[in-house]
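Source file run.cif; content: mmCIF, C-alpha atoms, pLDDT in the B column; chains and numbers go by the auth columns.
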```
data_target
#
loop_
_atom_site.group_PDB
_atom_site.id
_atom_site.type_symbol
_atom_site.label_atom_id
_atom_site.label_comp_id
_atom_site.label_asym_id
_atom_site.label_seq_id
_atom_site.Cartn_x
_atom_site.Cartn_y
_atom_site.Cartn_z
_atom_site.B_iso_or_equiv
_atom_site.auth_seq_id
_atom_site.auth_asym_id
ATOM 1 C CA MET A 1 -9.194 6.164 -22.180 73.00 1 A
ATOM 2 C CA VAL A 2 -7.708 6.324 -25.668 70.00 2 A
ATOM 3 C CA ASP A 3 -8.457 10.021 -26.211 74.00 3 A
ATOM 4 C CA THR A 4 -6.879 11.003 -22.885 73.00 4 A
ATOM 5 C CA GLU A 5 -3.913 8.666 -23.455 78.00 5 A
ATOM 6 C CA ARG A 6 -4.680 6.742 -20.259 85.00 6 A
ATOM 7 C CA LEU A 7 -5.038 3.330 -21.893 90.00 7 A
ATOM 8 C CA PRO A 8 -1.608 2.090 -20.662 91.00 8 A
ATOM 9 C CA LEU A 9 -2.449 3.228 -17.128 93.00 9 A
ATOM 10 C CA PHE A 10 -5.820 1.471 -17.338 94.00 10 A
ATOM 11 C CA CYS A 11 -4.144 -1.732 -18.558 95.00 11 A
ATOM 12 C CA PHE A 12 -1.707 -1.541 -15.651 96.00 12 A
ATOM 13 C CA PHE A 13 -4.605 -0.938 -13.237 96.00 13 A
ATOM 14 C CA ALA A 14 -6.700 -3.822 -14.563 96.00 14 A
ATOM 15 C CA ALA A 15 -3.741 -6.221 -14.673 96.00 15 A
ATOM 16 C CA LEU A 16 -2.785 -5.282 -11.100 96.00 16 A
ATOM 17 C CA ILE A 17 -6.246 -6.067 -9.735 96.00 17 A
ATOM 18 C CA VAL A 18 -6.872 -9.239 -11.760 96.00 18 A
ATOM 19 C CA THR A 19 -3.429 -10.681 -10.989 96.00 19 A
ATOM 20 C CA PHE A 20 -3.745 -9.957 -7.278 96.00 20 A
ATOM 21 C CA VAL A 21 -7.159 -11.631 -7.084 94.00 21 A
ATOM 22 C CA LEU A 22 -6.024 -14.697 -9.078 94.00 22 A
ATOM 23 C CA THR A 23 -2.829 -14.951 -7.038 94.00 23 A
ATOM 24 C CA ARG A 24 -4.748 -14.892 -3.771 94.00 24 A
ATOM 25 C CA ILE A 25 -7.165 -17.527 -5.040 92.00 25 A
ATOM 26 C CA ASN A 26 -4.208 -19.685 -6.037 92.00 26 A
ATOM 27 C CA VAL A 27 -2.345 -19.386 -2.712 91.00 27 A
ATOM 28 C CA ARG A 28 -5.525 -20.036 -0.734 91.00 28 A
ATOM 29 C CA LEU A 29 -6.091 -23.214 -2.735 90.00 29 A
ATOM 30 C CA ILE A 30 -2.464 -24.189 -2.112 89.00 30 A
ATOM 31 C CA ARG A 31 -2.887 -23.584 1.615 88.00 31 A
ATOM 32 C CA ALA A 32 -6.049 -25.688 1.649 86.00 32 A
ATOM 33 C CA LYS A 33 -4.232 -28.424 -0.361 85.00 33 A
ATOM 34 C CA ILE A 34 -7.036 -28.628 -2.901 86.00 34 A
ATOM 35 C CA GLY A 35 -6.455 -30.549 -6.119 77.00 35 A
ATOM 36 C CA TRP A 36 -3.164 -30.098 -7.910 80.00 36 A
ATOM 37 C CA PHE A 37 -2.453 -26.660 -6.438 80.00 37 A
ATOM 38 C CA ARG A 38 0.972 -26.835 -4.773 82.00 38 A
ATOM 39 C CA ASN A 39 3.952 -24.595 -4.090 81.00 39 A
ATOM 40 C CA LEU A 40 6.642 -24.415 -6.754 81.00 40 A
ATOM 41 C CA ASN A 41 9.814 -26.059 -5.473 80.00 41 A
ATOM 42 C CA VAL A 42 13.149 -26.738 -7.108 83.00 42 A
ATOM 43 C CA GLY A 43 14.728 -29.404 -4.974 80.00 43 A
ATOM 44 C CA GLU A 44 14.440 -28.104 -1.408 79.00 44 A
ATOM 45 C CA MET A 45 14.133 -24.474 -2.505 83.00 45 A
ATOM 46 C CA HIS A 46 10.672 -22.866 -2.593 84.00 46 A
ATOM 47 C CA ILE A 47 10.310 -20.365 -5.452 88.00 47 A
ATOM 48 C CA HIS A 48 8.158 -17.436 -4.303 90.00 48 A
ATOM 49 C CA HIS A 49 6.019 -15.665 -6.884 92.00 49 A
ATOM 50 C CA VAL A 50 7.852 -12.410 -6.152 93.00 50 A
ATOM 51 C CA VAL A 51 10.632 -13.875 -8.322 94.00 51 A
ATOM 52 C CA PHE A 52 8.324 -14.030 -11.322 94.00 52 A
ATOM 53 C CA GLY A 53 7.099 -10.549 -10.430 95.00 53 A
ATOM 54 C CA VAL A 54 10.613 -9.110 -10.637 96.00 54 A
ATOM 55 C CA VAL A 55 11.188 -10.737 -14.036 96.00 55 A
ATOM 56 C CA LEU A 56 7.853 -9.532 -15.454 96.00 56 A
ATOM 57 C CA THR A 57 8.298 -6.024 -14.048 96.00 57 A
ATOM 58 C CA LEU A 58 11.707 -5.710 -15.708 96.00 58 A
ATOM 59 C CA LEU A 59 10.344 -7.173 -18.947 95.00 59 A
ATOM 60 C CA GLY A 60 7.318 -4.881 -18.975 95.00 60 A
ATOM 61 C CA GLY A 61 9.268 -1.796 -17.933 94.00 61 A
ATOM 62 C CA VAL A 62 12.077 -2.154 -20.475 95.00 62 A
ATOM 63 C CA SER A 63 9.645 -3.152 -23.231 93.00 63 A
ATOM 64 C CA GLY A 64 7.508 -0.127 -22.379 92.00 64 A
ATOM 65 C CA LEU A 65 10.488 2.193 -22.777 91.00 65 A
ATOM 66 C CA ILE A 66 11.019 0.750 -26.251 90.00 66 A
ATOM 67 C CA MET A 67 7.372 0.675 -27.347 87.00 67 A
ATOM 68 C CA SER A 68 6.220 4.030 -25.926 84.00 68 A
ATOM 69 C CA GLY A 69 7.164 5.916 -29.064 82.00 69 A
ATOM 70 C CA ILE A 70 6.455 3.145 -31.576 86.00 70 A
ATOM 71 C CA SER A 71 3.039 1.615 -30.948 85.00 71 A
ATOM 72 C CA ALA A 72 0.306 2.733 -28.554 86.00 72 A
ATOM 73 C CA GLY A 73 -1.234 -0.735 -28.582 88.00 73 A
ATOM 74 C CA TRP A 74 1.946 -2.571 -27.698 91.00 74 A
ATOM 75 C CA TYR A 75 2.739 0.100 -25.128 92.00 75 A
ATOM 76 C CA ALA A 76 -0.561 -0.768 -23.406 93.00 76 A
ATOM 77 C CA VAL A 77 0.394 -4.462 -23.528 94.00 77 A
ATOM 78 C CA THR A 78 3.739 -3.762 -21.844 95.00 78 A
ATOM 79 C CA ALA A 79 1.898 -1.733 -19.190 95.00 79 A
ATOM 80 C CA ALA A 80 -0.289 -4.776 -18.491 96.00 80 A
ATOM 81 C CA VAL A 81 2.807 -6.965 -18.169 96.00 81 A
ATOM 82 C CA PHE A 82 4.265 -4.415 -15.776 97.00 82 A
ATOM 83 C CA GLY A 83 1.008 -4.513 -13.764 96.00 83 A
ATOM 84 C CA ILE A 84 1.133 -8.310 -13.535 96.00 84 A
ATOM 85 C CA GLY A 85 4.698 -8.167 -12.245 96.00 85 A
ATOM 86 C CA ALA A 86 3.881 -5.376 -9.794 96.00 86 A
ATOM 87 C CA ALA A 87 0.967 -7.379 -8.347 96.00 87 A
ATOM 88 C CA LEU A 88 3.178 -10.438 -7.817 95.00 88 A
ATOM 89 C CA ILE A 89 5.814 -8.321 -6.092 96.00 89 A
ATOM 90 C CA LEU A 90 3.416 -6.367 -3.889 95.00 90 A
ATOM 91 C CA ASP A 91 1.593 -9.548 -2.878 94.00 91 A
ATOM 92 C CA GLU A 92 4.838 -10.573 -1.169 93.00 92 A
ATOM 93 C CA PHE A 93 5.808 -7.086 -0.039 92.00 93 A
ATOM 94 C CA ALA A 94 5.874 -8.251 3.597 90.00 94 A
ATOM 95 C CA LEU A 95 8.431 -10.933 2.695 91.00 95 A
ATOM 96 C CA ILE A 96 10.702 -8.263 1.208 92.00 96 A
ATOM 97 C CA LEU A 97 10.118 -5.938 4.164 88.00 97 A
ATOM 98 C CA HIS A 98 10.864 -8.519 6.864 87.00 98 A
ATOM 99 C CA LEU A 99 13.303 -10.648 4.807 88.00 99 A
ATOM 100 C CA ARG A 100 11.483 -13.824 5.906 86.00 100 A
ATOM 101 C CA ASP A 101 8.352 -15.706 4.909 87.00 101 A
ATOM 102 C CA VAL A 102 5.530 -14.048 6.870 88.00 102 A
ATOM 103 C CA TYR A 103 2.889 -14.557 4.181 87.00 103 A
ATOM 104 C CA TRP A 104 0.205 -16.019 6.471 87.00 104 A
ATOM 105 C CA GLU A 105 1.412 -14.347 9.673 87.00 105 A
ATOM 106 C CA GLU A 106 0.074 -11.098 11.085 85.00 106 A
ATOM 107 C CA GLU A 107 2.969 -9.188 9.501 85.00 107 A
ATOM 108 C CA GLY A 108 1.827 -10.518 6.119 87.00 108 A
ATOM 109 C CA ARG A 109 -1.075 -8.073 6.114 87.00 109 A
ATOM 110 C CA ALA A 110 1.460 -5.439 5.029 88.00 110 A
ATOM 111 C CA SER A 111 1.370 -7.057 1.571 91.00 111 A
ATOM 112 C CA VAL A 112 -2.382 -6.576 1.285 91.00 112 A
ATOM 113 C CA ASP A 113 -2.037 -2.974 2.500 90.00 113 A
ATOM 114 C CA ALA A 114 0.611 -2.359 -0.175 91.00 114 A
ATOM 115 C CA VAL A 115 -1.647 -3.743 -2.920 93.00 115 A
ATOM 116 C CA PHE A 116 -4.635 -1.714 -1.726 92.00 116 A
ATOM 117 C CA ILE A 117 -2.527 1.455 -1.659 90.00 117 A
ATOM 118 C CA ALA A 118 -1.226 0.785 -5.181 92.00 118 A
ATOM 119 C CA ILE A 119 -4.775 0.211 -6.444 93.00 119 A
ATOM 120 C CA ALA A 120 -6.076 3.357 -4.738 90.00 120 A
ATOM 121 C CA VAL A 121 -3.269 5.597 -6.031 89.00 121 A
ATOM 122 C CA THR A 122 -3.530 4.199 -9.568 92.00 122 A
ATOM 123 C CA GLY A 123 -7.304 4.636 -9.500 90.00 123 A
ATOM 124 C CA LEU A 124 -6.952 8.289 -8.506 87.00 124 A
ATOM 125 C CA LEU A 125 -4.461 8.850 -11.320 87.00 125 A
ATOM 126 C CA LEU A 126 -6.800 7.094 -13.718 89.00 126 A
ATOM 127 C CA ILE A 127 -9.706 9.460 -13.008 85.00 127 A
ATOM 128 C CA GLY A 128 -7.467 12.429 -13.712 81.00 128 A
ATOM 129 C CA LEU A 129 -6.243 13.536 -10.269 77.00 129 A
ATOM 130 C CA ARG A 130 -2.582 14.486 -9.916 73.00 130 A
ATOM 131 C CA PRO A 131 -0.423 14.341 -6.771 75.00 131 A
ATOM 132 C CA LEU A 132 0.264 17.631 -4.989 67.00 132 A
ATOM 133 C CA GLY A 133 -1.986 19.501 -7.429 59.00 133 A
ATOM 134 C CA TRP A 134 0.794 20.276 -9.904 55.00 134 A
ATOM 135 C CA GLU A 135 -1.569 20.554 -12.889 57.00 135 A
ATOM 136 C CA ASN A 136 -4.686 22.497 -13.744 53.00 136 A
ATOM 137 C CA SER A 137 -7.847 20.564 -14.555 48.00 137 A
ATOM 138 C CA ASP A 138 -7.076 20.851 -18.276 52.00 138 A
ATOM 139 C CA GLY A 139 -3.627 19.287 -17.829 51.00 139 A
ATOM 140 C CA THR A 140 -1.610 22.507 -18.229 52.00 140 A
ATOM 141 C CA LEU A 141 1.008 23.471 -15.662 52.00 141 A
ATOM 142 C CA ARG A 142 0.339 26.249 -13.192 52.00 142 A
ATOM 143 C CA GLY A 143 2.513 29.339 -12.918 55.00 143 A
ATOM 144 C CA THR A 144 6.074 28.621 -11.796 65.00 144 A
ATOM 145 C CA TRP A 145 6.059 30.276 -8.356 69.00 145 A
ATOM 146 C CA ILE A 146 2.477 29.296 -7.606 69.00 146 A
ATOM 147 C CA THR A 147 3.263 25.712 -8.558 70.00 147 A
ATOM 148 C CA ALA A 148 6.402 25.593 -6.420 75.00 148 A
ATOM 149 C CA GLY A 149 4.685 27.099 -3.376 77.00 149 A
ATOM 150 C CA PHE A 150 1.645 24.873 -3.715 77.00 150 A
ATOM 151 C CA ILE A 151 3.727 21.716 -4.058 80.00 151 A
ATOM 152 C CA VAL A 152 5.989 22.563 -1.118 84.00 152 A
ATOM 153 C CA ALA A 153 3.042 23.399 1.150 86.00 153 A
ATOM 154 C CA ASN A 154 1.197 20.205 0.230 86.00 154 A
ATOM 155 C CA LEU A 155 4.332 18.124 0.614 88.00 155 A
ATOM 156 C CA VAL A 156 5.033 19.506 4.097 91.00 156 A
ATOM 157 C CA LEU A 157 1.455 18.835 5.197 90.00 157 A
ATOM 158 C CA ALA A 158 1.613 15.323 3.691 90.00 158 A
ATOM 159 C CA VAL A 159 4.840 14.498 5.547 92.00 159 A
ATOM 160 C CA ILE A 160 3.381 15.722 8.854 94.00 160 A
ATOM 161 C CA THR A 161 0.204 13.725 8.275 93.00 161 A
ATOM 162 C CA LEU A 162 2.167 10.553 7.500 91.00 162 A
ATOM 163 C CA LEU A 163 4.439 11.065 10.525 93.00 163 A
ATOM 164 C CA LYS A 164 1.300 11.300 12.649 92.00 164 A
ATOM 165 C CA GLY A 165 0.419 7.776 11.533 90.00 165 A
ATOM 166 C CA LYS A 166 -2.454 8.723 9.218 90.00 166 A
ATOM 167 C CA ILE A 167 -1.302 6.775 6.175 87.00 167 A
ATOM 168 C CA TRP A 168 -4.510 6.724 4.141 85.00 168 A
ATOM 169 C CA THR A 169 -5.245 10.396 4.863 89.00 169 A
ATOM 170 C CA GLY A 170 -1.718 11.348 3.836 88.00 170 A
ATOM 171 C CA LEU A 171 -1.841 9.400 0.585 85.00 171 A
ATOM 172 C CA ALA A 172 -5.335 10.597 -0.329 86.00 172 A
ATOM 173 C CA GLY A 173 -4.291 14.142 0.571 87.00 173 A
ATOM 174 C CA LEU A 174 -1.584 14.070 -2.086 84.00 174 A
ATOM 175 C CA PHE A 175 -4.441 14.063 -4.602 84.00 175 A
ATOM 176 C CA VAL A 176 -7.060 15.974 -2.580 84.00 176 A
ATOM 177 C CA PRO A 177 -4.919 18.512 -0.661 85.00 177 A
ATOM 178 C CA VAL A 178 -7.775 19.767 1.519 87.00 178 A
ATOM 179 C CA LEU A 179 -7.613 16.449 3.431 88.00 179 A
ATOM 180 C CA LEU A 180 -4.072 17.251 4.549 90.00 180 A
ATOM 181 C CA VAL A 181 -5.116 20.216 6.690 91.00 181 A
ATOM 182 C CA PRO A 182 -7.080 18.284 9.357 92.00 182 A
ATOM 183 C CA GLY A 183 -4.640 15.385 9.020 91.00 183 A
ATOM 184 C CA ALA A 184 -1.685 17.613 9.881 92.00 184 A
ATOM 185 C CA VAL A 185 -3.443 19.682 12.551 92.00 185 A
ATOM 186 C CA ARG A 186 -5.243 17.001 14.554 92.00 186 A
ATOM 187 C CA LEU A 187 -3.629 14.885 17.262 92.00 187 A
ATOM 188 C CA ALA A 188 -1.226 12.142 16.150 92.00 188 A
ATOM 189 C CA ARG A 189 -1.924 8.454 16.627 91.00 189 A
ATOM 190 C CA PRO A 190 -0.303 7.082 19.822 90.00 190 A
ATOM 191 C CA GLY A 191 2.069 4.689 18.043 87.00 191 A
ATOM 192 C CA SER A 192 3.186 7.132 15.350 91.00 192 A
ATOM 193 C CA PRO A 193 6.690 8.606 14.943 92.00 193 A
ATOM 194 C CA TRP A 194 5.249 12.056 15.715 93.00 194 A
ATOM 195 C CA ALA A 195 3.893 10.834 19.057 92.00 195 A
ATOM 196 C CA HIS A 196 7.218 9.224 19.988 92.00 196 A
ATOM 197 C CA LEU A 197 9.008 12.469 19.199 91.00 197 A
ATOM 198 C CA PHE A 198 6.720 14.942 20.947 92.00 198 A
ATOM 199 C CA PHE A 199 4.426 13.541 23.613 91.00 199 A
ATOM 200 C CA ALA A 200 4.623 9.775 24.142 90.00 200 A
ATOM 201 C CA PRO A 201 6.552 8.216 27.059 90.00 201 A
ATOM 202 C CA GLY A 202 10.227 8.381 26.160 87.00 202 A
ATOM 203 C CA ALA A 203 9.938 11.679 24.286 84.00 203 A
ATOM 204 C CA ARG A 204 11.986 14.679 25.415 84.00 204 A
ATOM 205 C CA ARG A 205 8.895 16.274 26.894 87.00 205 A
ATOM 206 C CA PRO A 206 6.309 13.558 27.561 89.00 206 A
ATOM 207 C CA GLN A 207 2.736 14.790 27.812 91.00 207 A
ATOM 208 C CA PRO A 208 0.663 12.115 29.587 91.00 208 A
ATOM 209 C CA ARG A 209 -2.603 13.983 29.108 92.00 209 A
ATOM 210 C CA LYS A 210 -2.143 14.294 25.357 90.00 210 A
ATOM 211 C CA MET A 211 -1.044 10.651 25.148 93.00 211 A
ATOM 212 C CA ALA A 212 -4.133 9.552 27.065 94.00 212 A
ATOM 213 C CA THR A 213 -6.344 11.549 24.689 93.00 213 A
ATOM 214 C CA ALA A 214 -4.658 9.957 21.673 92.00 214 A
ATOM 215 C CA GLU A 215 -5.149 6.462 23.127 92.00 215 A
ATOM 216 C CA ARG A 216 -8.831 7.135 23.848 92.00 216 A
ATOM 217 C CA ARG A 217 -9.379 8.337 20.287 91.00 217 A
ATOM 218 C CA GLU A 218 -7.493 5.319 18.956 90.00 218 A
ATOM 219 C CA GLU A 219 -9.645 2.915 20.935 90.00 219 A
ATOM 220 C CA ARG A 220 -12.920 4.661 20.205 88.00 220 A
ATOM 221 C CA TRP A 221 -12.554 5.579 16.529 85.00 221 A
ATOM 222 C CA ARG A 222 -9.545 3.855 15.007 85.00 222 A
ATOM 223 C CA ARG A 223 -9.896 0.315 16.355 86.00 223 A
ATOM 224 C CA PRO A 224 -13.352 -0.331 14.815 89.00 224 A
ATOM 225 C CA VAL A 225 -12.059 0.898 11.459 87.00 225 A
ATOM 226 C CA ILE A 226 -9.006 -1.354 11.720 86.00 226 A
ATOM 227 C CA ARG A 227 -11.162 -4.359 12.599 88.00 227 A
ATOM 228 C CA ALA A 228 -13.402 -3.664 9.609 91.00 228 A
ATOM 229 C CA LYS A 229 -10.366 -3.290 7.339 86.00 229 A
ATOM 230 C CA ILE A 230 -8.869 -6.567 8.578 87.00 230 A
ATOM 231 C CA ALA A 231 -12.196 -8.359 8.073 90.00 231 A
ATOM 232 C CA PHE A 232 -12.362 -7.103 4.473 89.00 232 A
ATOM 233 C CA GLN A 233 -8.717 -8.004 3.860 84.00 233 A
ATOM 234 C CA GLU A 234 -9.235 -11.525 5.158 87.00 234 A
ATOM 235 C CA PHE A 235 -12.348 -11.904 3.010 89.00 235 A
ATOM 236 C CA VAL A 236 -10.278 -10.992 -0.065 85.00 236 A
ATOM 237 C CA SER A 237 -6.898 -12.493 0.748 87.00 237 A
ATOM 238 C CA GLY A 238 -7.415 -15.152 3.424 87.00 238 A
ATOM 239 C CA ARG A 239 -6.670 -15.227 7.139 85.00 239 A
ATOM 240 C CA HIS A 240 -3.226 -14.243 8.355 86.00 240 A
ATOM 241 C CA ASP A 241 -3.453 -16.405 11.450 78.00 241 A
ATOM 242 C CA LEU A 242 -0.153 -18.287 11.736 81.00 242 A
ATOM 243 C CA PRO A 243 1.922 -17.561 14.870 79.00 243 A
ATOM 244 C CA SER A 244 4.511 -14.874 14.298 74.00 244 A
ATOM 245 C CA THR A 245 8.056 -16.208 13.917 65.00 245 A
ATOM 246 C CA ARG A 246 9.397 -13.187 15.761 60.00 246 A
ATOM 247 C CA ARG A 247 7.110 -13.817 18.745 56.00 247 A
ATOM 248 C CA ARG A 248 8.148 -17.469 18.882 53.00 248 A
ATOM 249 C CA SER A 249 11.847 -16.535 18.816 52.00 249 A
ATOM 250 C CA ARG A 250 11.349 -14.049 21.667 51.00 250 A
ATOM 251 C CA ARG A 251 9.718 -16.721 23.771 49.00 251 A
#
```

Take the structure I supplied and represent it as structure tokens, if you would.
Amino acid sequence: MVDTERLPLFCFFAALIVTFVLTRINVRLIRAKIGWFRNLNVGEMHIHHVVFGVVLTLLGGVSGLIMSGISAGWYAVTAAVFGIGAALILDEFALILHLRDVYWEEEGRASVDAVFIAIAVTGLLLIGLRPLGWENSDGTLRGTWITAGFIVANLVLAVITLLKGKIWTGLAGLFVPVLLVPGAVRLARPGSPWAHLFFAPGARRPQPRKMATAERREERWRRPVIRAKIAFQEFVSGRHDLPSTRRRSRR
């Protein structure tokens, strides 16, 4: 880690994981009302831990800009502080996205997805992979035109893959471009933006047969994977089983 100058990235990675796990343990104990674990309130106002995450992220980021050229050790420390703040923010990503407290609702799973994505991307960077293949294996840049063409092609395939609703394939494909080819070529998921644009009901040219095929594939292959992912998420982060506020308001 030291020789490849990845120590700050490793400190960020480790701090992100440890903080997320400890945060989830803490909030699960708060939810279960065990011991002295309680929410932090100032008067009638509940202080979410995303607030502390914003402060620590700013502190770690600005300190890192100062320390990057002064001390490698302190630079790694600021990266860890940044990782702690990032974990606290991402753990309440769903709150920021929906602008309401959906922590234990179904929508709150978006926070866990955001943390898992951050961990996966950071892990890939840590083992030496680079997005869009813009470097050679030895860290040197490719030729100018080759680099530009390669990046543009990968980026186009990544955008198509993401629009087809294949989030994990699209993100992994940024680091392993060969994954983008089947992701971009194969049929889109039925609820994806691509499906709504090109073949789902309501599109300019609906294609019922293609939509039916996408729904069959979703039910046969995607649903079991989603159920397994949710089971793992709930094992790590707790059950998101409160009734959705949005559903209650509609009723």

Which residues of stretch 55-158 of chain A come within 9 Å of stretch 231-246 of chain A, and for each one, what is the closest pair of atoms and their distance in Å to one decimal, counting only C-alpha atoms, sorted by chain and residue number, as CSV?
```
residue,atom,partner,partner_atom,distance
A:Val102,CA,A:Ser244,CA,7.5
A:Tyr103,CA,A:His240,CA,7.4
A:Trp104,CA,A:His240,CA,4.3
A:Glu105,CA,A:Leu242,CA,4.7
A:Glu106,CA,A:His240,CA,5.3
A:Glu107,CA,A:Ser244,CA,7.6
A:Gly108,CA,A:His240,CA,6.7
A:Arg109,CA,A:His240,CA,6.9
A:Val112,CA,A:Gln233,CA,7.0
A:Asp113,CA,A:Gln233,CA,8.5
```

Going by the chain IDs and residue numbers used in this file, which residues fall under the PyMOL selection byres ((chain A and resi 58-63) around 12)? Write them as a PyMOL selection string.
chain A and resi 8+11-12+15+51-57+64-71+74-86+89

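Pairwise distance (atom CA of A:Pro224, atom CA of A:Leu187) equals 18.2 Å.
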
Please determine, counting only C-alpha atoms, which residue among A:Lys210, A:Arg189, A:Arg24, A:Arg217 has the shortest atom-to-atom distance to A:Glu92.
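Of A:Lys210, A:Arg189, A:Arg24, A:Arg217, the one nearest A:Glu92, counting only C-alpha atoms, is A:Arg24.
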
Shell around A:Val185 at 10 Å using all atoms listed in the file, local window under 5 positions removed, as a PyMOL selection string:
chain A and resi 157+160-161+164+180

From A:Met45, A:Leu155, A:Ile25, A:Ala212, residue lying nearest A:Gly173 [all atoms listed in the file]:
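Once distances to A:Gly173 are computed over all atoms listed in the file, the minimum belongs to A:Leu155.
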
Spell out the residues picked by the PyMOL selection byres ((chain A and resi 131) around 12) here, as a PDB file with C-alpha atoms, in the frame of the given file.
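Here's the written file out-v2.pdb:
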```
ATOM      1  CA  VAL A 121      -3.269   5.597  -6.031  1.00 89.00           C
ATOM      2  CA  THR A 122      -3.530   4.199  -9.568  1.00 92.00           C
ATOM      3  CA  LEU A 124      -6.952   8.289  -8.506  1.00 87.00           C
ATOM      4  CA  LEU A 125      -4.461   8.850 -11.320  1.00 87.00           C
ATOM      5  CA  LEU A 126      -6.800   7.094 -13.718  1.00 89.00           C
ATOM      6  CA  GLY A 128      -7.467  12.429 -13.712  1.00 81.00           C
ATOM      7  CA  LEU A 129      -6.243  13.536 -10.269  1.00 77.00           C
ATOM      8  CA  ARG A 130      -2.582  14.486  -9.916  1.00 73.00           C
ATOM      9  CA  LEU A 132       0.264  17.631  -4.989  1.00 67.00           C
ATOM     10  CA  GLY A 133      -1.986  19.501  -7.429  1.00 59.00           C
ATOM     11  CA  TRP A 134       0.794  20.276  -9.904  1.00 55.00           C
ATOM     12  CA  GLU A 135      -1.569  20.554 -12.889  1.00 57.00           C
ATOM     13  CA  ASN A 136      -4.686  22.497 -13.744  1.00 53.00           C
ATOM     14  CA  PHE A 150       1.645  24.873  -3.715  1.00 77.00           C
ATOM     15  CA  ILE A 151       3.727  21.716  -4.058  1.00 80.00           C
ATOM     16  CA  VAL A 152       5.989  22.563  -1.118  1.00 84.00           C
ATOM     17  CA  ASN A 154       1.197  20.205   0.230  1.00 86.00           C
ATOM     18  CA  LEU A 155       4.332  18.124   0.614  1.00 88.00           C
ATOM     19  CA  ALA A 158       1.613  15.323   3.691  1.00 90.00           C
ATOM     20  CA  GLY A 170      -1.718  11.348   3.836  1.00 88.00           C
ATOM     21  CA  LEU A 171      -1.841   9.400   0.585  1.00 85.00           C
ATOM     22  CA  ALA A 172      -5.335  10.597  -0.329  1.00 86.00           C
ATOM     23  CA  GLY A 173      -4.291  14.142   0.571  1.00 87.00           C
ATOM     24  CA  LEU A 174      -1.584  14.070  -2.086  1.00 84.00           C
ATOM     25  CA  PHE A 175      -4.441  14.063  -4.602  1.00 84.00           C
ATOM     26  CA  VAL A 176      -7.060  15.974  -2.580  1.00 84.00           C
ATOM     27  CA  PRO A 177      -4.919  18.512  -0.661  1.00 85.00           C
TER      28      PRO A 177
END
```

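Interatomic distance, atom CA of A:Pro201 to atom CA of A:Leu162: 20.2 Å.
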
Between atom CA of A:Ala200 and atom CA of A:Leu99, what is the spacing in Å?
29.4 Å

Who sits within 8 Å of A:Ile119, all atoms listed in the file, same chain under 2 positions skipped, as number ranges by chain:
A: 13, 16-17, 115-117, 121-123

As an mmCIF file, in the coordinates of the input, please: stretch 233-245 of chain A completed to N, CA and C atoms.
```cif
data_model
loop_
_atom_site.group_PDB
_atom_site.id
_atom_site.type_symbol
_atom_site.label_atom_id
_atom_site.label_comp_id
_atom_site.auth_asym_id
_atom_site.auth_seq_id
_atom_site.Cartn_x
_atom_site.Cartn_y
_atom_site.Cartn_z
ATOM 1 N N GLN A 233 -9.944 -7.433 4.397
ATOM 2 C CA GLN A 233 -8.717 -8.004 3.860
ATOM 3 C C GLN A 233 -8.751 -9.529 3.903
ATOM 4 N N GLU A 234 -9.203 -10.071 5.029
ATOM 5 C CA GLU A 234 -9.235 -11.525 5.158
ATOM 6 C C GLU A 234 -10.284 -12.150 4.244
ATOM 7 N N PHE A 235 -11.355 -11.413 3.965
ATOM 8 C CA PHE A 235 -12.348 -11.904 3.010
ATOM 9 C C PHE A 235 -11.737 -12.010 1.616
ATOM 10 N N VAL A 236 -10.895 -11.015 1.260
ATOM 11 C CA VAL A 236 -10.278 -10.992 -0.065
ATOM 12 C C VAL A 236 -9.074 -11.910 -0.146
ATOM 13 N N SER A 237 -8.220 -11.876 0.869
ATOM 14 C CA SER A 237 -6.898 -12.493 0.748
ATOM 15 C C SER A 237 -6.678 -13.702 1.638
ATOM 16 N N GLY A 238 -7.613 -14.030 2.515
ATOM 17 C CA GLY A 238 -7.415 -15.152 3.424
ATOM 18 C C GLY A 238 -6.931 -14.686 4.786
ATOM 19 N N ARG A 239 -7.010 -15.578 5.762
ATOM 20 C CA ARG A 239 -6.670 -15.227 7.139
ATOM 21 C C ARG A 239 -5.173 -15.321 7.372
ATOM 22 N N HIS A 240 -4.627 -14.255 7.960
ATOM 23 C CA HIS A 240 -3.226 -14.243 8.355
ATOM 24 C C HIS A 240 -3.182 -14.625 9.837
ATOM 25 N N ASP A 241 -3.243 -15.932 10.093
ATOM 26 C CA ASP A 241 -3.453 -16.405 11.450
ATOM 27 C C ASP A 241 -2.349 -17.319 11.969
ATOM 28 N N LEU A 242 -1.251 -17.471 11.224
ATOM 29 C CA LEU A 242 -0.153 -18.287 11.736
ATOM 30 C C LEU A 242 0.589 -17.533 12.828
ATOM 31 N N PRO A 243 1.144 -18.241 13.817
ATOM 32 C CA PRO A 243 1.922 -17.561 14.870
ATOM 33 C C PRO A 243 3.120 -16.836 14.277
ATOM 34 N N SER A 244 3.398 -15.665 14.802
ATOM 35 C CA SER A 244 4.511 -14.874 14.298
ATOM 36 C C SER A 244 5.833 -15.532 14.649
ATOM 37 N N THR A 245 6.732 -15.640 13.677
ATOM 38 C CA THR A 245 8.056 -16.208 13.917
ATOM 39 C C THR A 245 8.821 -15.380 14.929
#
```
